[in-house]
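Since the structure comes first, as structure tokens, the remarks are kept for the end.
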Amino acid sequence: MVPKLLVSFFFLFSLISLAMADTFDAHRLVTFPRPSAPVPDPSGSWAVYAETQYLADQDKTQSNLYLLNLATNDVRTLTSPALGEKHSEPFFLDEHRVAFTWSQPNQAVSQLYVLDVQTEGAEPYVLTDFPVQGGNYKYNAAQQRLFFSAYVYPDVETLDEAKAKDDKIAANTKHDAKVYDQLMVRHWDSYIDDKRNQLFHVQLTIANDRYQVKDVPRNLLRNTGLQCPGFPMGDASDYDVSKDGSELALVSKISTRDNAWQTSQYVYRVRLDFATANEPVVLNDDIHAASSGPVYAPKSGRLAYLQMYVPQYEADRNRIVIYDPKTDERTVIAKDWDRSPSQIVFANDESAVYVVAEENGRAKIFAIDLATESITTLTSDHAVSSLSVLPDDVLLFGVSSMTFPTIAHAIVPNENKWRRLGTSPSLSKALESVSLSTPEEFEFTGAMGDRVHGWIVKPANFDASRRYPVAFLIHGGPQGAWEDAWSTRWNYQVYANAGDGFVTIAINFHGSTGYGQDFTDSIGKNWFSHPYEDLMIGLDFALEKYPFLDSKRVTALGASYGATMINWLNGHTQRFCAMVSHDGIFSTLSAYYSTEEVYFPEREFGGAPYSPAARITYEKFSPSNFVHRWATPTLVIHGGLDFRLTEAEGIAVFTALQRRNVPSRFVYFPNENHWVLKPANSLKWHEEVLGWIVRYTSTEQVNGAVESPVFQVQHSA
């Protein structure tokens with residue numbers, strides 16, 4: 001029996017520890033260490049990863065590399081670059097040498113460096129001297145060949161040709177006009193020009209125990225009309241190289257005139273006969289939808305990839321397809337499984353594939369037996385990313401949650417017991433210094449009688465005797481989900497700890513992912529019917545279930561679709577005391593004609609708005625048609641480089657609020673896109689957002705003792 005005195009001591013110690021912990025506020029979030037996912041060495045003994053940390057007082061970011069011993073969990077600092085320099089994209093060339101990108105402020109092109117991680121005191125040495133920036137590196141040990149992407153004119157064969165063409169055009173072109181004969185004009189945050197992402201390869205060799213570039217990098221996609229990775233947000237998962245180095249697979253979106261209103265993206269194979277040029281061969285152009293994530297089996301050369309089937313629909317369910325080059329046949333695996341994987345890897349013996357897929361507010365690992373197609377859930381909590389298989393069949397991956405950023409984990413598939421691996425000293429110290437509350441979840445019956453899932457996060461110093469204001473978060477997409485995952489933009493804990501404490505509520509309404517494809521599809525042509533009902537019922541449910549919530553002090557916040565819902569709510573309810581609308585839609589009609597991915601509104605609303613039938617849906621769900629009802633104080637935010645939903649949408653929301661004499665404020669970030677990513681801007685974003693909801697949930701404000709402010713133009717402090 002434990003003595004009462006000892007119990008009292010531990011209770012008192014816990015209270016003291018909580019009191020000593022720092023509040024996890026916006027400053028802590030932005031300056032918190034940000035680890036990347038672990039990358040294993042060929043032997044499965046080590047993993048390397050990058051970790052960045054923003055130093056707010058100097059407005060600079062520190063970026064280090066760390067080496068993780070997978071057997072002992074020991075973590076060792078590999079590199080410590082000067083402040084403002086960046087070490088990133090690490091990968092192993094062999095069992096003891098790591099290559100990585102070294103970015104330096106005074107260099108236009110970042111180069112690859114190599115470091116011997118097993119030799120104490122070893123210094124990095126430069127591997128490449130490319131005249132054009134490379135990225136998305138992969139190394140094939142069987143052929144000692146380096147693959148990478150570069151943004152160049154698609155008719156060039158070498159990087160030197162690319163640089164020469166850049167210089168010539170710059171010297172001879174006096175205007176800065178861009179001329180277009182078809183869409184897209186721009187994508188995400190960049191205007192389209194004549195360059196394309198192209199895949200290059202180059203032979204490496206070892207001389208004097210050092211890796212060297214042996215020959216000239218050459219363009220594998222020259223004059224093919226293909227682009228890989230996708231522009232501007234594609235990455236290394238858009239292509240893969242077979243284990244023996246004889247073949248490469250890639251995905252490339254169509255470049256025909258209809259590319260802006262179709263999602264068609266196909267898988268191609270390229271035979272790597274390095275003596276001659278080989279034309280890419282398409283595998284699946286009979287399916288006019290999106291495909292992604294090609295990955296080779298380790299022995300047989302079979303190719304797995306993810307395939308959607310519905311045209312124009314970027315939230316269709318991903319099916320797992322395995323292509324056998326020996327028979328030229330495609331096989332869909334677990335075709336009736338109602339989940340949508342985002343990553344595939346083969347087991348070493350190819351008896352199974354492991355996939356990552358969303359389920360019930362988590363991102364889990366599943367094992368699929370290729371003989372029986374039986375599915376086993378390997379992880380049940382948090383959010384998994386960057387899955388890899390080690391030589392001893394152990395799975396290595398990153399995990400994040402609402403209480404920690406990405407940390408390396410490992411699991412033995414047949415044991416179903418995962419273990420958390422080591423972290424850097426800086427991350428360990430940061431996690432120990434803050435108090436983060438454990439998330440809870442709830443369910444209720446929402447629209448159409450369906451089960452709907454939600455999260456609730458309390459402040460770190462929660463007191464059940466108090467009544468707290470509510471931060472009611474509405475996710476974007478709309479085909480997305482609030483997950484038990486770390487976020488540097490919409491972090492549940494930051495809202496919970498704002499002011500004197502909030503309770504954060506986040507509901508995965510109809511249209512959310514991870515609850516079955518029918519649930520996701522249900523939002524089509526129903527943008528503000530089923531989701532609105534879910535949100536209102538869910539909020540009522542939470543207010544009744546949790547007596548510590550103050551129904552008079554509820555704020556609503558959202559971005560993208562979430563902000564569009566905010567704009568809709570402003571015309572349909574007055575239950576919120578304040579709102580935040582970040583990069584949302586004011587008019588569904590104007591948004592259609594100014595967005596870049598035209599396929600999205602056409603799929604969501606049933607066609608183009610000049611179609612009489614579709615026009616009815618556009619008008620039905622346009623927040624602009626209900627401005628005459630807007631009355632809730634609203635903070636409006638928009639990025640100048642947001643080409644998904646242009647700044648005119650945000651300005652229109654602010655104009656409507658001002659003209660209606662609704663207390664409102666407009667925060668504009670001219671150099672941010674759909675997301676606010678620059679650390680200093682993120683701090684300002686949080687200052688404005690949290691300040692707004694704290695002000696309008698103050699007792700004086702709710703009781704009418706504080707006048708709504710009249711805001712003037714303010715520049716960054």
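So you can find residues: chains in the structure tokens are A, B, ... in the order shown, residues in each start at 1, and ligands are numbered from 1 in order.
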- Write out as an NGL selection string which residues come within 8 Å of A:Tyr599 when counting only C-alpha atoms, dropping same-chain ones fewer than 5 positions away. :A and (260-263 or 312-313)
Take the residues just selected and output them with N, CA and C atoms as a PDB file, in the first residue's frame.
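The new file again07.pdb reads:
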ATOM      1  N   ALA A 260      -6.791  22.848 -66.628  1.00  0.00           N
ATOM      2  CA  ALA A 260      -7.319  23.610 -65.492  1.00  0.00           C
ATOM      3  C   ALA A 260      -8.653  23.076 -65.003  1.00  0.00           C
ATOM      4  N   TRP A 261      -9.372  22.345 -65.847  1.00  0.00           N
ATOM      5  CA  TRP A 261     -10.661  21.823 -65.397  1.00  0.00           C
ATOM      6  C   TRP A 261     -10.728  20.296 -65.386  1.00  0.00           C
ATOM      7  N   GLN A 262      -9.558  19.661 -65.465  1.00  0.00           N
ATOM      8  CA  GLN A 262      -9.478  18.215 -65.298  1.00  0.00           C
ATOM      9  C   GLN A 262      -8.355  17.881 -64.311  1.00  0.00           C
ATOM     10  N   THR A 263      -8.519  16.797 -63.577  1.00  0.00           N
ATOM     11  CA  THR A 263      -7.498  16.362 -62.610  1.00  0.00           C
ATOM     12  C   THR A 263      -6.607  15.252 -63.161  1.00  0.00           C
ATOM     13  N   GLN A 312     -12.200  15.140 -62.390  1.00  0.00           N
ATOM     14  CA  GLN A 312     -12.371  16.462 -61.774  1.00  0.00           C
ATOM     15  C   GLN A 312     -12.392  16.430 -60.251  1.00  0.00           C
ATOM     16  N   TYR A 313     -12.255  15.273 -59.625  1.00  0.00           N
ATOM     17  CA  TYR A 313     -12.478  15.163 -58.182  1.00  0.00           C
ATOM     18  C   TYR A 313     -11.185  14.827 -57.464  1.00  0.00           C
TER      19      TYR A 313
END
- Message: Report as a list in words all protein, DNA and RNA residues lying within 6 Å of A:Tyr354, evaluated on only C-alpha atoms, omitting residues in the same chain fewer than 2 positions from it.
- Response: Ile344, Val345, Phe366 and Ala367 of chain A
- Message: If DSSP is run on the backbone, what residues of stretch 379-536 of chain A are strand (DSSP E)? A reply as a PyMOL selection string would be ideal.
- Response: chain A and resi 383-389+395-401+404-412+417-420+440-445+451-457+468-474+503-508
Let's have the selection written as a short mmCIF file (atom, residue, chain, number, x, y, z; two decimals), in the first residue's frame, with N, CA and C atoms.
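Written output follows (again29.cif):
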data_model
loop_
_atom_site.label_atom_id
_atom_site.label_comp_id
_atom_site.auth_asym_id
_atom_site.auth_seq_id
_atom_site.Cartn_x
_atom_site.Cartn_y
_atom_site.Cartn_z
N ALA A 383 -0.97 10.79 -35.77
CA ALA A 383 -0.88 10.95 -37.23
C ALA A 383 0.48 10.50 -37.73
N VAL A 384 0.48 9.48 -38.57
CA VAL A 384 1.71 8.88 -39.10
C VAL A 384 2.07 9.53 -40.43
N SER A 385 3.37 9.63 -40.70
CA SER A 385 3.85 10.15 -41.98
C SER A 385 5.16 9.47 -42.35
N SER A 386 5.52 9.53 -43.62
CA SER A 386 6.84 9.11 -44.12
C SER A 386 7.23 7.71 -43.67
N LEU A 387 6.48 6.74 -44.11
CA LEU A 387 6.68 5.34 -43.73
C LEU A 387 7.78 4.70 -44.57
N SER A 388 8.65 3.93 -43.92
CA SER A 388 9.68 3.16 -44.63
C SER A 388 9.86 1.81 -43.94
N VAL A 389 10.38 0.83 -44.69
CA VAL A 389 10.59 -0.52 -44.17
C VAL A 389 12.09 -0.78 -44.06
N LEU A 395 9.11 -1.28 -39.24
CA LEU A 395 8.63 -0.08 -39.92
C LEU A 395 9.13 1.15 -39.17
N LEU A 396 9.67 2.09 -39.91
CA LEU A 396 10.14 3.36 -39.36
C LEU A 396 9.28 4.47 -39.94
N PHE A 397 8.88 5.43 -39.10
CA PHE A 397 7.99 6.47 -39.57
C PHE A 397 7.99 7.64 -38.60
N GLY A 398 7.43 8.75 -39.02
CA GLY A 398 7.24 9.90 -38.15
C GLY A 398 5.84 9.89 -37.58
N VAL A 399 5.69 10.41 -36.37
CA VAL A 399 4.38 10.53 -35.73
C VAL A 399 4.29 11.91 -35.11
N SER A 400 3.15 12.56 -35.31
CA SER A 400 2.86 13.79 -34.57
C SER A 400 1.49 13.66 -33.93
N SER A 401 1.23 14.53 -32.97
CA SER A 401 -0.07 14.52 -32.29
C SER A 401 -0.40 15.94 -31.89
N PHE A 404 2.67 16.89 -29.57
CA PHE A 404 4.08 16.92 -29.95
C PHE A 404 4.21 16.96 -31.47
N PRO A 405 5.28 17.60 -31.98
CA PRO A 405 5.54 17.60 -33.42
C PRO A 405 6.11 16.25 -33.86
N THR A 406 6.55 16.17 -35.11
CA THR A 406 6.99 14.89 -35.67
C THR A 406 8.16 14.29 -34.88
N ILE A 407 7.97 13.06 -34.43
CA ILE A 407 8.99 12.31 -33.71
C ILE A 407 9.08 10.92 -34.34
N ALA A 408 10.29 10.40 -34.50
CA ALA A 408 10.49 9.08 -35.10
C ALA A 408 9.91 8.00 -34.20
N HIS A 409 9.25 7.04 -34.83
CA HIS A 409 8.70 5.87 -34.15
C HIS A 409 9.03 4.62 -34.97
N ALA A 410 8.93 3.46 -34.34
CA ALA A 410 9.15 2.19 -35.03
C ALA A 410 8.17 1.16 -34.52
N ILE A 411 7.86 0.19 -35.39
CA ILE A 411 6.95 -0.87 -35.00
C ILE A 411 7.33 -2.16 -35.73
N VAL A 412 7.22 -3.28 -35.03
CA VAL A 412 7.35 -4.60 -35.66
C VAL A 412 5.95 -5.01 -36.10
N LYS A 417 3.05 -3.28 -31.65
CA LYS A 417 3.44 -2.45 -30.52
C LYS A 417 4.53 -1.50 -30.99
N TRP A 418 4.20 -0.22 -31.02
CA TRP A 418 5.18 0.73 -31.51
C TRP A 418 5.96 1.36 -30.36
N ARG A 419 7.12 1.88 -30.72
CA ARG A 419 7.94 2.54 -29.70
C ARG A 419 8.39 3.89 -30.21
N ARG A 420 8.42 4.82 -29.29
CA ARG A 420 8.87 6.18 -29.59
C ARG A 420 10.38 6.23 -29.51
N GLU A 440 -9.53 15.40 -26.00
CA GLU A 440 -10.63 14.47 -25.80
C GLU A 440 -11.49 14.52 -27.06
N GLU A 441 -12.37 13.53 -27.20
CA GLU A 441 -13.22 13.49 -28.38
C GLU A 441 -14.65 13.17 -28.01
N PHE A 442 -15.55 13.53 -28.90
CA PHE A 442 -16.97 13.26 -28.66
C PHE A 442 -17.64 12.94 -29.99
N GLU A 443 -18.81 12.33 -29.90
CA GLU A 443 -19.59 12.00 -31.08
C GLU A 443 -21.04 12.40 -30.85
N PHE A 444 -21.71 12.71 -31.94
CA PHE A 444 -23.12 13.05 -31.85
C PHE A 444 -23.80 12.67 -33.16
N THR A 445 -25.10 12.70 -33.17
CA THR A 445 -25.86 12.41 -34.38
C THR A 445 -26.09 13.70 -35.14
N ARG A 451 -23.35 9.54 -37.76
CA ARG A 451 -22.41 9.79 -36.66
C ARG A 451 -21.40 10.84 -37.10
N VAL A 452 -21.20 11.83 -36.25
CA VAL A 452 -20.23 12.90 -36.53
C VAL A 452 -19.27 12.99 -35.35
N HIS A 453 -18.02 13.20 -35.66
CA HIS A 453 -16.93 13.13 -34.68
C HIS A 453 -16.34 14.52 -34.44
N GLY A 454 -15.99 14.81 -33.18
CA GLY A 454 -15.37 16.09 -32.86
C GLY A 454 -14.31 15.96 -31.80
N TRP A 455 -13.47 17.00 -31.71
CA TRP A 455 -12.40 17.07 -30.72
C TRP A 455 -12.66 18.23 -29.76
N ILE A 456 -12.18 18.09 -28.53
CA ILE A 456 -12.22 19.17 -27.57
C ILE A 456 -10.87 19.22 -26.85
N VAL A 457 -10.30 20.42 -26.77
CA VAL A 457 -9.00 20.63 -26.12
C VAL A 457 -9.16 21.73 -25.08
N TYR A 468 -15.61 28.72 -19.56
CA TYR A 468 -14.62 29.18 -20.53
C TYR A 468 -15.26 29.63 -21.84
N PRO A 469 -14.67 30.63 -22.47
CA PRO A 469 -15.07 30.94 -23.85
C PRO A 469 -14.63 29.82 -24.79
N VAL A 470 -15.24 29.79 -25.96
CA VAL A 470 -15.01 28.70 -26.91
C VAL A 470 -14.36 29.23 -28.18
N ALA A 471 -13.32 28.54 -28.64
CA ALA A 471 -12.75 28.76 -29.97
C ALA A 471 -13.25 27.61 -30.84
N PHE A 472 -14.21 27.90 -31.71
CA PHE A 472 -14.88 26.90 -32.54
C PHE A 472 -14.21 26.91 -33.90
N LEU A 473 -13.36 25.89 -34.15
CA LEU A 473 -12.55 25.86 -35.37
C LEU A 473 -13.28 25.10 -36.48
N ILE A 474 -13.22 25.64 -37.70
CA ILE A 474 -13.87 25.04 -38.86
C ILE A 474 -12.79 24.77 -39.91
N VAL A 503 -11.65 26.96 -24.50
CA VAL A 503 -11.79 25.55 -24.85
C VAL A 503 -11.94 25.48 -26.36
N THR A 504 -11.05 24.71 -27.00
CA THR A 504 -11.07 24.57 -28.45
C THR A 504 -11.98 23.41 -28.84
N ILE A 505 -12.89 23.65 -29.78
CA ILE A 505 -13.77 22.61 -30.29
C ILE A 505 -13.58 22.55 -31.80
N ALA A 506 -13.42 21.34 -32.34
CA ALA A 506 -13.21 21.13 -33.78
C ALA A 506 -14.03 19.93 -34.22
N ILE A 507 -14.93 20.14 -35.17
CA ILE A 507 -15.87 19.11 -35.60
C ILE A 507 -15.57 18.70 -37.03
N ASN A 508 -15.56 17.40 -37.28
CA ASN A 508 -15.37 16.87 -38.64
C ASN A 508 -16.73 16.61 -39.28
#
- Item | Residue with smallest distance to A:Tyr49 - pool A:Pro229, A:Pro341, A:Pro280, A:Pro35, counting only C-alpha atoms |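 Closest candidate: A:Pro35.
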- Message: Just want the 9 Å neighbourhood of A:Val270, counted on only C-alpha atoms, with same-chain residues fewer than 5 positions away dropped. Output as a PyMOL selection string.
- Response: chain A and resi 220+246-250+278-281
Those residues you just picked out, can you put them in a file as a PDB file, in the first residue's frame with N, CA, C and O atoms?
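That gives us out_10.pdb:
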ATOM      1  N   LEU A 220      15.921  13.591 -68.193  1.00  0.00           N
ATOM      2  CA  LEU A 220      15.205  12.385 -68.587  1.00  0.00           C
ATOM      3  C   LEU A 220      13.875  12.687 -69.281  1.00  0.00           C
ATOM      4  O   LEU A 220      13.318  11.811 -69.945  1.00  0.00           O
ATOM      5  N   SER A 246      17.102   0.019 -62.954  1.00  0.00           N
ATOM      6  CA  SER A 246      16.857  -0.164 -64.385  1.00  0.00           C
ATOM      7  C   SER A 246      15.667   0.625 -64.907  1.00  0.00           C
ATOM      8  O   SER A 246      15.462   0.735 -66.120  1.00  0.00           O
ATOM      9  N   GLU A 247      14.868   1.197 -63.981  1.00  0.00           N
ATOM     10  CA  GLU A 247      13.623   1.828 -64.412  1.00  0.00           C
ATOM     11  C   GLU A 247      13.213   2.923 -63.435  1.00  0.00           C
ATOM     12  O   GLU A 247      13.534   2.869 -62.241  1.00  0.00           O
ATOM     13  N   LEU A 248      12.504   3.895 -63.972  1.00  0.00           N
ATOM     14  CA  LEU A 248      11.982   4.990 -63.163  1.00  0.00           C
ATOM     15  C   LEU A 248      10.489   5.131 -63.459  1.00  0.00           C
ATOM     16  O   LEU A 248      10.056   4.986 -64.610  1.00  0.00           O
ATOM     17  N   ALA A 249       9.708   5.397 -62.418  1.00  0.00           N
ATOM     18  CA  ALA A 249       8.273   5.661 -62.583  1.00  0.00           C
ATOM     19  C   ALA A 249       7.974   7.058 -62.062  1.00  0.00           C
ATOM     20  O   ALA A 249       8.575   7.518 -61.082  1.00  0.00           O
ATOM     21  N   LEU A 250       7.039   7.725 -62.722  1.00  0.00           N
ATOM     22  CA  LEU A 250       6.701   9.090 -62.335  1.00  0.00           C
ATOM     23  C   LEU A 250       5.239   9.356 -62.615  1.00  0.00           C
ATOM     24  O   LEU A 250       4.591   8.637 -63.382  1.00  0.00           O
ATOM     25  N   ASN A 278      15.153   7.168 -73.762  1.00  0.00           N
ATOM     26  CA  ASN A 278      13.996   6.289 -73.783  1.00  0.00           C
ATOM     27  C   ASN A 278      12.738   7.101 -73.524  1.00  0.00           C
ATOM     28  O   ASN A 278      12.667   7.860 -72.550  1.00  0.00           O
ATOM     29  N   GLU A 279      11.756   6.939 -74.355  1.00  0.00           N
ATOM     30  CA  GLU A 279      10.509   7.667 -74.207  1.00  0.00           C
ATOM     31  C   GLU A 279       9.709   7.091 -73.037  1.00  0.00           C
ATOM     32  O   GLU A 279       9.597   5.875 -72.885  1.00  0.00           O
ATOM     33  N   PRO A 280       9.119   7.944 -72.215  1.00  0.00           N
ATOM     34  CA  PRO A 280       8.239   7.453 -71.154  1.00  0.00           C
ATOM     35  C   PRO A 280       7.027   6.731 -71.733  1.00  0.00           C
ATOM     36  O   PRO A 280       6.483   7.129 -72.764  1.00  0.00           O
ATOM     37  N   VAL A 281       6.613   5.668 -71.068  1.00  0.00           N
ATOM     38  CA  VAL A 281       5.451   4.880 -71.495  1.00  0.00           C
ATOM     39  C   VAL A 281       4.361   5.037 -70.443  1.00  0.00           C
ATOM     40  O   VAL A 281       4.574   4.763 -69.255  1.00  0.00           O
TER      41      VAL A 281
END
- Item | For A:Glu533, the nearest of the candidates A:Gly501, A:Met448, A:Asp550, A:Arg466, counting only C-alpha atoms |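 Result for the nearest residue to A:Glu533: A:Met448.
Atom pair atom CA of A:Phe274 / atom CA of A:Gly134 has a distance of 20.0 Å (rounded to one decimal).
The smallest atom-to-atom distance between A:Gln62 and any of A:Gly361, A:Gly538, A:Gly84, A:Gly44, using only C-alpha atoms, is found for A:Gly84.
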- Task: Work out how far apart atom CA of A:Gly476 and atom CA of A:Cys228 are and give it in Å to one decimal.
- Result: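 Computed distance, atom CA of A:Gly476 to atom CA of A:Cys228, equals 26.8 Å.
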- Could you state the separation of atom CA of A:Tyr546 and atom CA of A:Ala481 in Å, given to one decimal place? 22.6 Å
- Task: Enumerate as a PyMOL selection string all residues of stretch 121-319 of chain A assigned to alpha helix (DSSP H) by DSSP on the backbone, naming them with the chain letters and numbers the document uses.
- Result: chain A and resi 159-172
- Item | Nearest residue to A:Val117 from the set A:Val216, A:Cys577, A:Val179, A:Val48 (distances using only C-alpha atoms) | A:Val48
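Nearest-residue note for A:Lys60: choosing from A:Gly511, A:Pro105, A:Gly584, A:Pro459, the minimum distance belongs to A:Pro105, counting only C-alpha atoms.
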- Message: What's around A:Tyr618 at 8 Å? Count only C-alpha atoms, leave out sequence neighbours fewer than 3 positions away in its own chain, and write the answer as a PyMOL selection string.
- Response: chain A and resi 588-589+605+609+614-615+621-622
I need the chosen residues saved as a PDB file, in the first residue's frame, with N, CA and C atoms.
ATOM      1  N   THR A 588     -19.191  32.907 -54.768  1.00  0.00           N
ATOM      2  CA  THR A 588     -18.840  31.682 -55.477  1.00  0.00           C
ATOM      3  C   THR A 588     -18.700  31.929 -56.976  1.00  0.00           C
ATOM      4  N   LEU A 589     -19.403  32.921 -57.497  1.00  0.00           N
ATOM      5  CA  LEU A 589     -19.307  33.233 -58.922  1.00  0.00           C
ATOM      6  C   LEU A 589     -17.964  33.860 -59.259  1.00  0.00           C
ATOM      7  N   PHE A 605     -19.941  22.226 -57.361  1.00  0.00           N
ATOM      8  CA  PHE A 605     -21.233  22.872 -57.605  1.00  0.00           C
ATOM      9  C   PHE A 605     -21.979  22.330 -58.820  1.00  0.00           C
ATOM     10  N   PRO A 609     -20.538  27.948 -63.813  1.00  0.00           N
ATOM     11  CA  PRO A 609     -21.687  28.785 -63.434  1.00  0.00           C
ATOM     12  C   PRO A 609     -22.479  29.347 -64.604  1.00  0.00           C
ATOM     13  N   ALA A 614     -26.203  24.533 -62.915  1.00  0.00           N
ATOM     14  CA  ALA A 614     -25.147  24.746 -61.924  1.00  0.00           C
ATOM     15  C   ALA A 614     -25.251  26.130 -61.296  1.00  0.00           C
ATOM     16  N   ARG A 615     -25.676  27.123 -62.073  1.00  0.00           N
ATOM     17  CA  ARG A 615     -25.773  28.500 -61.567  1.00  0.00           C
ATOM     18  C   ARG A 615     -26.668  28.562 -60.328  1.00  0.00           C
ATOM     19  N   PHE A 621     -25.322  28.837 -52.600  1.00  0.00           N
ATOM     20  CA  PHE A 621     -24.298  28.742 -51.572  1.00  0.00           C
ATOM     21  C   PHE A 621     -23.276  29.873 -51.628  1.00  0.00           C
ATOM     22  N   SER A 622     -23.636  31.013 -52.158  1.00  0.00           N
ATOM     23  CA  SER A 622     -22.717  32.153 -52.191  1.00  0.00           C
ATOM     24  C   SER A 622     -22.946  33.046 -50.971  1.00  0.00           C
TER      25      SER A 622
END
- Task: Considering only C-alpha atoms, return as a ChimeraX atom specification whatever protein or nucleic-acid residues lie within 12 Å of A:Thr119, sequence-local ones (same chain, fewer than 4 positions apart) excluded.
- Result: /A:78,95-98,115,123-124
Take the residues that were just selected and, keeping C-alpha atoms, output them as a JSON list (two decimals), in the first residue's frame.
[["chain", "number", "residue", "atom", "x", "y", "z"],
["A", 78, "LEU", "CA", 25.49, 16.03, -37.05],
["A", 95, "GLU", "CA", 25.76, 3.01, -44.48],
["A", 96, "HIS", "CA", 27.94, 5.81, -43.16],
["A", 97, "ARG", "CA", 27.74, 8.77, -45.54],
["A", 98, "VAL", "CA", 24.90, 11.26, -45.64],
["A", 115, "LEU", "CA", 29.33, 13.93, -44.40],
["A", 123, "GLU", "CA", 33.78, 17.71, -41.98],
["A", 124, "PRO", "CA", 31.25, 17.92, -44.84]]
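The neighbours of stretch 193-202 of chain A here are the residues that come within 7 Å of it, using only C-alpha atoms and leaving out any residue fewer than 5 positions away in the same chain; they are Arg145, Leu146, Phe147, Phe148, Ser149, Ala150, Tyr151, Val152, Tyr153, Pro154, Asp215, Val216, Pro217, Arg218, Asn219, Leu220, Leu221, Gln227, Cys228, Pro229 and Phe231 of chain A.
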